[in-house]
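Shown next: final.cif, containing mmCIF, C-alpha atoms.
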data_final
loop_
_atom_site.label_atom_id
_atom_site.label_comp_id
_atom_site.auth_asym_id
_atom_site.auth_seq_id
_atom_site.Cartn_x
_atom_site.Cartn_y
_atom_site.Cartn_z
CA MET K 1 41.51 208.05 57.32
CA SER K 2 39.33 207.88 54.24
CA ALA K 3 40.24 209.18 50.79
CA LYS K 4 37.43 211.69 51.19
CA VAL K 5 39.27 213.41 54.04
CA TYR K 6 42.47 213.67 51.97
CA LEU K 7 40.45 215.08 49.09
CA GLN K 8 38.88 217.68 51.37
CA ALA K 9 42.29 218.70 52.67
CA GLY K 10 43.56 219.04 49.10
CA VAL K 11 40.62 221.20 48.04
CA ILE K 12 40.98 223.47 51.08
CA ALA K 13 44.72 223.85 50.37
CA ALA K 14 44.04 224.64 46.71
CA VAL K 15 41.53 227.35 47.66
CA GLY K 16 44.04 228.89 50.08
CA VAL K 17 46.84 228.87 47.51
CA ALA K 18 44.56 230.36 44.84
CA ILE K 19 43.66 233.26 47.14
CA ALA K 20 47.35 233.64 48.00
CA VAL K 21 48.30 233.93 44.34
CA VAL K 22 45.73 236.69 43.83
CA ASP K 23 46.83 238.53 46.98
CA SER K 24 50.54 238.25 46.12
CA THR K 25 49.96 239.86 42.73
CA ARG K 26 47.85 242.60 44.35
CA ARG K 27 50.54 243.62 46.87
CA PRO K 28 53.86 242.02 45.90
CA VAL K 29 56.61 241.64 48.47
CA LYS K 30 60.17 241.86 47.25
CA THR K 31 62.24 238.80 48.07
CA PRO K 32 65.04 239.75 50.47
CA GLU K 33 68.32 239.55 48.59
CA PRO K 34 70.92 237.00 49.69
CA MET K 35 73.57 238.58 51.89
CA ALA K 36 76.43 236.11 51.74
CA SER K 37 79.87 237.68 51.73
CA PRO K 38 82.96 235.51 52.11
CA ARG K 39 85.63 236.88 54.41
CA SER K 40 89.19 237.41 53.29
CA ALA K 41 92.28 235.97 54.95
CA GLY K 42 93.07 239.47 56.16
CA ASP K 43 89.87 239.48 58.17
CA GLN K 44 91.01 236.49 60.17
CA ARG K 45 94.39 238.04 60.96
CA ASN K 46 92.92 241.29 62.12
CA GLY K 47 90.31 240.27 64.68
CA GLY K 48 87.56 240.28 62.07
CA ALA K 49 88.62 243.61 60.55
CA LYS K 50 88.27 243.57 56.80
CA GLY K 51 90.60 245.02 54.26
CA ALA K 52 89.03 248.17 52.87
CA THR K 53 89.86 247.54 49.24
CA PRO K 54 86.67 248.09 47.28
CA GLU K 55 87.87 245.73 44.53
CA ALA K 56 87.84 242.88 47.03
CA ALA K 57 84.29 243.67 48.05
CA PRO K 58 81.98 240.82 47.12
CA GLU K 59 78.91 243.01 46.98
CA ALA K 60 79.73 246.66 46.47
CA LYS K 61 76.90 249.00 47.33
CA PRO K 62 75.42 250.51 44.16
CA ASP K 63 75.75 254.27 44.72
CA PRO K 64 73.14 254.56 47.50
CA VAL K 65 72.35 258.26 47.40
CA ALA K 66 74.10 260.45 44.91
CA GLY K 67 75.60 263.66 46.26
CA VAL K 68 74.97 262.86 49.91
CA LYS K 69 77.48 264.01 52.45
CA PRO K 70 78.37 261.17 54.75
CA GLU K 71 78.61 263.43 57.80
CA VAL K 72 76.03 262.69 60.46
CA ASN K 73 73.90 265.42 61.92
CA PRO K 74 75.56 266.15 65.29
CA GLU K 75 72.27 267.22 66.86
CA VAL K 76 70.77 263.77 66.58
CA THR K 77 73.82 261.57 66.66
CA PRO K 78 75.16 260.23 69.91
CA GLN K 79 78.80 261.28 70.15
CA PRO K 80 80.82 258.22 71.08
CA ALA K 81 83.98 258.11 73.10
CA PRO K 82 86.97 257.17 70.95
CA PRO K 83 87.49 253.41 71.11
CA GLU K 84 90.73 251.97 72.32
CA LYS K 85 93.19 250.02 70.26
CA ALA K 86 93.33 246.26 70.30
CA GLY K 87 96.43 245.06 72.13
CA GLY K 88 98.29 248.22 71.18
CA VAL K 89 97.71 247.58 67.46
CA SER K 90 95.07 249.63 65.72
CA VAL K 91 92.48 247.63 63.81
CA LYS K 92 91.22 250.80 62.17
CA VAL K 93 90.77 250.72 58.40
CA PRO K 94 90.26 254.29 57.10
CA VAL K 95 87.04 254.81 55.18
CA ALA K 96 87.22 257.67 52.71
CA ASP K 97 83.91 256.96 51.02
CA PRO K 98 81.39 254.66 52.74
CA SER K 99 79.47 254.21 49.49
CA LYS K 100 82.42 252.19 48.18
CA LEU K 101 82.10 249.66 51.00
CA PRO K 102 80.33 246.33 50.72
CA VAL K 103 77.11 246.02 52.70
CA LYS K 104 78.82 243.82 55.27
CA ILE K 105 81.81 245.52 56.80
CA GLY K 106 84.48 244.46 59.25
CA VAL K 107 85.60 245.86 62.59
CA GLY K 108 88.27 248.03 60.95
CA GLU K 109 85.84 250.01 58.84
CA ALA K 110 83.31 250.19 61.66
CA LEU K 111 85.92 251.59 64.03
CA SER K 112 86.92 254.19 61.47
CA MET K 113 83.30 255.24 60.89
CA LEU K 114 82.69 255.46 64.63
CA GLU K 115 85.79 257.53 65.36
CA ASP K 116 85.18 259.85 62.42
CA HIS K 117 81.46 260.23 63.28
CA GLN K 118 80.54 258.96 59.84
CA ALA K 119 77.72 256.71 60.97
CA VAL K 120 75.12 256.11 63.62
CA PHE K 121 75.51 252.65 65.10
CA ILE K 122 72.37 250.61 65.71
CA ASP K 123 72.39 247.76 68.22
CA GLY K 124 69.67 245.26 67.29
CA ARG K 125 70.18 242.90 70.22
CA LYS K 126 67.89 242.26 73.18
CA PRO K 127 67.69 244.98 75.86
CA ASP K 128 69.50 243.01 78.59
CA VAL K 129 72.59 242.29 76.48
CA PHE K 130 72.57 245.87 75.18
CA ALA K 131 72.56 247.15 78.76
CA ALA K 132 75.43 244.82 79.64
CA GLY K 133 77.64 246.25 76.89
CA HIS K 134 77.45 247.84 73.47
CA ILE K 135 79.47 249.88 71.00
CA PRO K 136 79.88 253.38 72.46
CA GLY K 137 77.01 255.66 71.49
CA ALA K 138 75.00 252.94 69.75
CA PHE K 139 71.28 253.47 69.31
CA HIS K 140 69.28 250.53 70.62
CA MET K 141 66.56 249.40 68.25
CA GLN K 142 65.38 245.86 67.55
CA PHE K 143 63.58 244.69 64.43
CA VAL K 144 60.44 244.14 66.50
CA ASP K 145 60.50 247.83 67.44
CA ILE K 146 60.13 248.68 63.75
CA THR K 147 57.41 246.11 63.05
CA ASP K 148 55.42 247.12 66.13
CA GLY K 149 56.03 250.88 65.93
CA ASN K 150 57.68 250.98 69.36
CA ALA K 151 59.30 254.04 70.92
CA PRO K 152 62.87 253.48 69.60
CA TRP K 153 61.60 253.29 66.00
CA GLN K 154 59.42 256.37 66.52
CA GLU K 155 62.42 258.28 67.88
CA PHE K 156 64.66 257.00 65.10
CA PHE K 157 62.18 257.97 62.41
CA ARG K 158 61.66 261.42 63.94
CA THR K 159 65.30 262.30 64.49
CA MET K 160 67.46 260.56 61.90
CA ASN K 161 68.13 261.84 58.41
CA ARG K 162 67.65 259.50 55.49
CA ASP K 163 71.01 260.71 54.13
CA ASP K 164 72.90 259.55 57.22
CA TRP K 165 75.01 256.43 57.30
CA PHE K 166 74.10 253.64 59.66
CA VAL K 167 75.96 250.57 60.86
CA VAL K 168 73.74 247.83 62.29
CA TYR K 169 75.02 244.98 64.40
CA CYS K 170 73.67 242.09 66.41
CA ASP K 171 75.35 238.95 67.75
CA GLY K 172 77.31 238.33 64.56
CA GLY K 173 77.59 235.00 62.82
CA ASP K 174 74.17 233.72 61.93
CA CYS K 175 72.08 236.39 63.65
CA HIS K 176 69.57 237.80 61.18
CA GLU K 177 68.49 240.85 63.19
CA SER K 178 70.89 243.20 61.38
CA GLU K 179 69.75 242.04 57.96
CA HIS K 180 66.11 242.48 58.94
CA ILE K 181 66.69 245.95 60.35
CA ARG K 182 68.65 246.94 57.25
CA LYS K 183 65.90 245.66 54.99
CA ALA K 184 63.21 247.53 56.94
CA LEU K 185 65.20 250.77 57.02
CA THR K 186 65.94 250.53 53.31
CA ASN K 187 62.22 250.03 52.74
CA TYR K 188 61.61 253.41 54.41
CA GLY K 189 64.24 255.31 52.47
CA PHE K 190 67.24 254.96 54.79
CA ALA K 191 69.44 253.75 51.96
CA ASN K 192 72.86 253.92 53.63
CA VAL K 193 72.76 251.00 56.00
CA LEU K 194 75.80 248.79 56.50
CA ILE K 195 76.12 245.68 58.64
CA LEU K 196 78.95 244.93 61.03
CA GLU K 197 79.30 241.32 60.03
CA VAL K 198 81.05 240.00 63.11
CA GLY K 199 78.57 241.80 65.36
CA PHE K 200 79.20 242.78 68.93
CA PRO K 201 81.18 239.60 69.77
CA GLY K 202 83.67 240.46 66.98
CA TRP K 203 83.95 244.05 68.17
CA LYS K 204 84.56 242.94 71.74
CA SER K 205 87.07 240.25 70.83
CA ALA K 206 89.03 242.85 68.84
CA GLY K 207 89.59 244.53 72.21
CA LEU K 208 87.68 247.71 71.35
CA SER K 209 85.93 249.79 73.96
CA VAL K 210 82.40 249.05 75.01
CA GLU K 211 79.89 251.13 76.88
CA SER K 212 77.32 249.82 79.33
CA ARG K 213 74.21 251.28 80.81
CA MET C 1 32.66 210.82 78.58
CA LYS C 2 30.97 209.80 75.34
CA LYS C 3 28.39 212.55 75.92
CA ALA C 4 31.02 215.22 76.49
CA GLU C 5 33.00 214.40 73.33
CA PRO C 6 30.95 216.49 70.85
CA LEU C 7 31.28 219.52 73.11
CA PHE C 8 35.01 218.89 73.58
CA LEU C 9 35.48 218.67 69.80
CA LEU C 10 33.52 221.88 69.29
CA VAL C 11 35.70 223.72 71.80
CA LEU C 12 38.83 222.23 70.20
CA ARG C 13 37.87 223.27 66.71
CA VAL C 14 36.86 226.81 67.71
CA ALA C 15 40.13 227.22 69.64
CA MET C 16 42.15 225.93 66.68
CA ALA C 17 40.26 228.19 64.27
CA ALA C 18 40.83 231.26 66.46
CA LEU C 19 44.52 230.52 66.71
CA LEU C 20 44.90 230.04 62.96
CA LEU C 21 42.95 233.22 62.20
CA PHE C 22 45.10 235.22 64.58
CA SER C 23 48.30 233.74 63.16
CA ALA C 24 47.11 234.57 59.63
CA TRP C 25 46.18 238.13 60.59
CA VAL C 26 49.69 238.77 61.93
CA LYS C 27 51.12 237.58 58.60
CA LEU C 28 48.66 239.39 56.36
CA LYS C 29 47.99 242.71 58.12
CA PRO C 30 48.49 245.79 55.95
CA GLU C 31 51.24 248.32 56.35
CA VAL C 32 50.70 251.16 58.85
CA VAL C 33 51.45 254.16 56.69
CA GLY C 34 52.40 256.64 59.43
CA GLY C 35 52.69 260.39 58.93
CA ASP C 36 52.72 263.57 61.03
CA GLY C 37 55.93 262.46 62.70
CA VAL C 38 54.56 258.98 63.39
CA ALA C 39 56.72 256.21 61.98
CA PRO C 40 55.25 253.71 59.52
CA GLN C 41 55.17 250.00 60.29
CA PRO C 42 55.87 247.34 57.67
CA SER C 43 53.10 245.04 56.50
CA GLY C 44 52.65 241.50 57.76
CA PRO C 45 53.78 239.98 54.42
CA PHE C 46 56.98 242.07 54.49
CA VAL C 47 57.87 240.82 57.97
CA PHE C 48 56.82 237.22 57.27
CA ALA C 49 58.82 237.15 54.01
CA LEU C 50 61.91 238.07 56.00
CA ALA C 51 61.16 235.33 58.52
CA VAL C 52 60.61 232.74 55.77
CA SER C 53 63.80 233.66 53.93
CA SER C 54 65.83 233.61 57.15
CA TYR C 55 64.95 229.92 57.59
CA GLU C 56 66.99 229.29 54.42
CA ILE C 57 64.87 226.31 53.43
CA LEU C 58 62.96 227.56 50.40
CA PRO C 59 64.65 228.93 47.30
CA PRO C 60 64.23 232.73 47.07
CA SER C 61 61.87 232.37 44.10
CA LEU C 62 59.34 230.50 46.27
CA VAL C 63 59.48 232.87 49.25
CA PRO C 64 56.84 235.33 47.91
CA LEU C 65 54.35 232.52 47.25
CA ALA C 66 54.98 230.90 50.64
CA THR C 67 54.62 234.30 52.28
CA PHE C 68 51.01 234.52 51.14
CA ALA C 69 50.13 230.82 50.81
CA VAL C 70 50.78 229.93 54.46
CA PRO C 71 48.48 232.55 55.99
CA TRP C 72 45.75 232.18 53.37
CA VAL C 73 45.67 228.41 53.81
CA GLU C 74 45.44 229.09 57.55
CA VAL C 75 42.45 231.36 56.92
CA VAL C 76 40.60 228.82 54.78
CA VAL C 77 41.30 226.02 57.29
CA ALA C 78 40.12 228.27 60.13
CA VAL C 79 36.88 229.17 58.37
CA ALA C 80 36.20 225.49 57.57
CA LEU C 81 36.77 224.57 61.23
CA LEU C 82 34.68 227.44 62.52
CA VAL C 83 31.61 226.67 60.45
CA GLY C 84 32.13 222.91 60.63
CA TRP C 85 32.43 222.32 56.89
CA TRP C 86 34.76 219.43 56.02
CA THR C 87 36.14 219.53 59.53
CA ARG C 88 38.19 216.36 59.20
CA GLY C 89 39.86 217.54 56.01
CA ALA C 90 40.55 220.93 57.59
CA GLY C 91 41.96 219.23 60.69
CA LEU C 92 44.20 217.07 58.52
CA LEU C 93 45.49 220.11 56.63
CA ALA C 94 46.10 221.96 59.91
CA ALA C 95 48.10 218.94 61.10
CA VAL C 96 50.11 218.90 57.87
CA LEU C 97 50.85 222.64 58.24
CA LEU C 98 51.94 222.20 61.85
CA ALA C 99 54.08 219.17 60.99
CA THR C 100 55.77 221.27 58.28
CA PHE C 101 56.37 224.16 60.70
CA THR C 102 57.78 221.74 63.28
CA ALA C 103 60.15 220.20 60.73
CA ALA C 104 61.32 223.69 59.73
CA VAL C 105 61.92 224.66 63.36
CA VAL C 106 63.84 221.44 64.06
CA SER C 107 65.97 222.00 60.96
CA VAL C 108 66.82 225.52 62.17
CA ILE C 109 67.76 224.19 65.62
CA LEU C 110 69.92 221.43 64.15
CA ARG C 111 71.73 223.96 61.95
CA GLY C 112 72.46 226.03 65.08
CA MET C 113 70.73 229.13 63.73
CA ASN C 114 69.45 231.92 65.96
CA LEU C 115 66.09 233.08 64.56
CA SER C 116 62.73 234.41 65.55
CA CYS C 117 60.03 232.09 64.30
CA GLY C 118 57.64 234.55 62.66
CA CYS C 119 54.70 232.58 64.03
CA PHE C 120 52.58 235.05 66.00
CA GLY C 121 54.53 238.28 65.62
CA LYS C 122 55.19 239.90 69.00
CA TYR C 123 52.61 237.73 70.74
CA LYS C 124 53.44 234.51 72.55
CA LEU C 125 51.43 231.38 73.04
CA LEU C 126 53.50 229.14 75.31
CA CYS C 127 57.01 230.17 74.28
CA ASP C 128 58.71 233.42 73.32
CA GLY C 129 59.16 234.27 69.64
CA SER C 130 62.54 232.66 69.11
CA VAL C 131 63.07 229.27 67.51
CA GLY C 132 63.88 226.56 70.04
CA TRP C 133 62.74 223.27 71.53
CA CYS C 134 59.93 225.08 73.38
CA LYS C 135 58.52 226.04 69.98
CA VAL C 136 58.74 222.40 68.88
CA GLY C 137 56.76 221.37 71.98
CA GLU C 138 54.18 224.11 71.36
CA ASN C 139 53.75 222.98 67.76
CA LEU C 140 53.38 219.34 68.81
CA VAL C 141 50.57 220.28 71.23
CA LEU C 142 48.78 222.12 68.41
CA LEU C 143 49.50 219.26 66.02
CA SER C 144 47.89 216.76 68.36
CA MET C 145 44.80 219.01 68.61
CA ALA C 146 44.58 219.13 64.82
CA TRP C 147 45.09 215.38 64.59
CA VAL C 148 42.16 214.77 66.97
CA LEU C 149 39.95 216.91 64.73
CA ALA C 150 41.16 215.07 61.64
CA GLY C 151 40.36 211.72 63.24
CA ARG C 152 37.18 212.49 65.18
CA GLY C 153 35.57 215.35 63.27
CA GLY C 154 34.18 218.60 64.67
CA GLY C 155 31.61 217.40 67.24
CA MET C 156 28.58 219.61 67.80
CA LEU C 157 27.16 222.19 65.41
CA GLU C 158 28.88 220.96 62.27
CA LEU C 159 27.54 222.31 59.04
CA ARG C 160 28.68 219.34 56.99
CA ARG C 161 29.92 216.19 58.67
CA THR C 162 32.42 213.85 57.02
CA ALA C 163 31.91 210.15 57.58
#
So, in terms of structure tokens, how does the structure I just supplied come out?
Amino acid sequence: MSAKVYLQAGVIAAVGVAIAVVDSTRRPVKTPEPMASPRSAGDQRNGGAKGATPEAAPEAKPDPVAGVKPEVNPEVTPQPAPPEKAGGVSVKVPVADPSKLPVKIGVGEALSMLEDHQAVFIDGRKPDVFAAGHIPGAFHMQFVDITDGNAPWQEFFRTMNRDDWFVVYCDGGDCHESEHIRKALTNYGFANVLILEVGFPGWKSAGLSVESR
Amino acid sequence: MKKAEPLFLLVLRVAMAALLLFSAWVKLKPEVVGGDGVAPQPSGPFVFALAVSSYEILPPSLVPLATFAVPWVEVVVAVALLVGWWTRGAGLLAAVLLATFTAAVVSVILRGMNLSCGCFGKYKLLCDGSVGWCKVGENLVLLSMAWVLAGRGGGMLELRRTA
């Protein structure tokens, strides 16, 4: 291939990048923040349930909405059945104030928020695995539903309050669906979105109840 | 066969241009504002920035530039292919882009990550939207198309032919 062809490719790339620079200054996109949060030894002992000490939180949530009551509107919130205990030992970690929690929470806090109706749970996994089993009362909504304006997102937007608390989960581990959903919801003013870090596999392996439909 | 080649190259370059334009549109489309009880939808750059950062290859400071640079380079390449201006250079750049995407996809697979690729939004070409070996194969097919254009030029109806 001649030098002329390489030169052409370089010029075309430069034109594209120049337009990109102009466009990116015209409508900037915020870089998604890193979400890493190391897990404590207590998490491992307790089936993925984290200790609820706010001091230990690697990324405490900065006062999401001042003066907001964490209670969820009962008219729009699915009322879950109380989950069972894991092997006779409760993994529940009481949550007095969700705003003191880190963005990524463990099974213990999630269980507490579910039982006390403090949050709406959002299942971001694919429809077939959701149907096979999910956290009781979870609302099924994938990231693609938000980006494409699908029915679950329309329903969510119409019925949920921005002051409510939400716990998003996917397959745990390296699945990015929860982070993407959280970012999109935050973008639209739903500031109180937490992530169940261990996802549905962590919930299930802790022996907590699941619902299928 | 020799006679059919210019027509084949024309079809190839138009197909490649259409694909790149569509891919760029998905990444650049504006936000749907919503209202009257209709939910908004995030812009293409917002969604693509999330996809790029989830690959965990680029440092966060470069994600905003990559978010816009990739689709805009796709647009310029597509226009060059469509009108037949510097077709070989455009084909080479398309091949470089596709080789880069393929390397990124392979790196994600090797790291055992579970991601959606962010390539064509909700639309599929040969594979579904998730990162996997199917996506590598799809990219290699497109890469070979681009490589043919880089080597042979654009065939019929070229505005400016490169020797």
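Here is the contact set of chain C against chain K, at 7 Å and counting only C-alpha atoms: Gly37, Val38, Ala39, Gln41, Pro42, Pro45, Phe46, Leu50, Ser54, Pro60, Val63, Pro64, Leu65, Phe68, Ala69, Trp72, Val73, Val76, Val77, Trp86, Arg88, Gly89, Ala90, Leu92, Leu93, Met113, Asn114 and Leu115 of chain C.
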Residues matched by the PyMOL selection byres ((chain K and resi 167) around 6), written as JSON, numbers by chain = {"K": [121, 166, 168, 193, 194, 195]}
Would you mind telling me which residue in K:Val129, K:Val120, K:Leu208, K:Leu196 lies nearest to Leu101 (chain K) when using all atoms listed in the file?
->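 With all atoms listed in the file as the atom set, the closest residue is K:Leu196.
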Could you please determine the separation between CA of Val83 (chain C) and CA of Glu158 (chain C) in Å, to one decimal place?
->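 Distance between the two atoms: 6.6 Å.
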Evaluating the PyMOL selection byres ((chain K and resi 126) around 10) on the displayed file yields which residues, as a ChimeraX atom specification?
-> /K:123-125,127-131,140-142,170-171
Contact residues around Val108 (chain C) with only C-alpha atoms at 12 Å, ignoring same-chain residues under 5 positions, as a list in words =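 The contact residues come out as Asp174 of chain K; Ala51, Val52, Ser53, Ser54, Tyr55, Glu56, Ile57, Phe101, Thr102, Ala103, Met113, Asn114, Leu115, Ser116, Cys117, Ser130, Val131, Gly132, Trp133, Lys135 and Val136 of chain C.
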Skipping near chain neighbours, those fewer than 3 positions away, what residues fall within 12 Å of Ser144 (chain C) using all atoms listed in the file, listed as a ChimeraX atom specification?
-> /C:12,16,91-92,94-96,98-99,137-141,147-152
Take every atom of region 38-47 of chain C listed in the file, pad by 3 Å on each side, and give me the axis-aligned box centre and edge lengths in Å, one decimal, as lines of an AutoDock Vina configuration file.
center_x = 55.3
center_y = 249.5
center_z = 58.9
size_x = 11.2
size_y = 25.0
size_z = 15.0
Let me know the residues the PyMOL selection byres ((chain K and resi 198-203) around 8) catches in the file above, as a PyMOL selection string.
-> chain K and resi 47-48+106-107+134-135+169-173+196-197+204-208
Using CA of Ala49 (chain C) and CA of Cys119 (chain C) as the two end points, give the distance in Å to one decimal.
->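 Value for the CA of Ala49 (chain C)-CA of Cys119 (chain C) distance: 11.8 Å.
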Starting from the sparse input, extend region 91-106 of chain C to N, CA and C atoms and give the output as a tab-separated table (two decimals), in the coordinates of the input.
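Full text of out09.tsv as output:
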chain	number	residue	atom	x	y	z
C	91	GLY	N	41.08	219.67	59.59
C	91	GLY	CA	41.96	219.23	60.69
C	91	GLY	C	43.21	218.57	60.16
C	92	LEU	N	43.04	217.74	59.12
C	92	LEU	CA	44.20	217.07	58.52
C	92	LEU	C	45.17	218.10	57.93
C	93	LEU	N	44.62	219.09	57.24
C	93	LEU	CA	45.49	220.11	56.63
C	93	LEU	C	46.20	220.94	57.71
C	94	ALA	N	45.47	221.24	58.79
C	94	ALA	CA	46.10	221.96	59.91
C	94	ALA	C	47.25	221.13	60.47
C	95	ALA	N	47.04	219.82	60.58
C	95	ALA	CA	48.10	218.94	61.10
C	95	ALA	C	49.30	218.92	60.15
C	96	VAL	N	49.02	218.89	58.85
C	96	VAL	CA	50.11	218.90	57.87
C	96	VAL	C	50.91	220.21	57.98
C	97	LEU	N	50.18	221.33	58.09
C	97	LEU	CA	50.85	222.64	58.24
C	97	LEU	C	51.74	222.64	59.48
C	98	LEU	N	51.18	222.17	60.59
C	98	LEU	CA	51.94	222.20	61.85
C	98	LEU	C	53.13	221.25	61.81
C	99	ALA	N	52.96	220.10	61.13
C	99	ALA	CA	54.08	219.17	60.99
C	99	ALA	C	55.19	219.83	60.16
C	100	THR	N	54.79	220.58	59.12
C	100	THR	CA	55.77	221.27	58.28
C	100	THR	C	56.51	222.34	59.09
C	101	PHE	N	55.74	223.12	59.87
C	101	PHE	CA	56.37	224.16	60.70
C	101	PHE	C	57.35	223.53	61.68
C	102	THR	N	56.93	222.40	62.28
C	102	THR	CA	57.78	221.74	63.28
C	102	THR	C	59.08	221.26	62.63
C	103	ALA	N	58.94	220.67	61.44
C	103	ALA	CA	60.15	220.20	60.73
C	103	ALA	C	61.09	221.37	60.43
C	104	ALA	N	60.50	222.51	60.03
C	104	ALA	CA	61.32	223.69	59.73
C	104	ALA	C	62.05	224.18	60.98
C	105	VAL	N	61.32	224.20	62.10
C	105	VAL	CA	61.92	224.66	63.36
C	105	VAL	C	63.06	223.72	63.78
C	106	VAL	N	62.80	222.41	63.68
C	106	VAL	CA	63.84	221.44	64.06
C	106	VAL	C	65.07	221.60	63.17
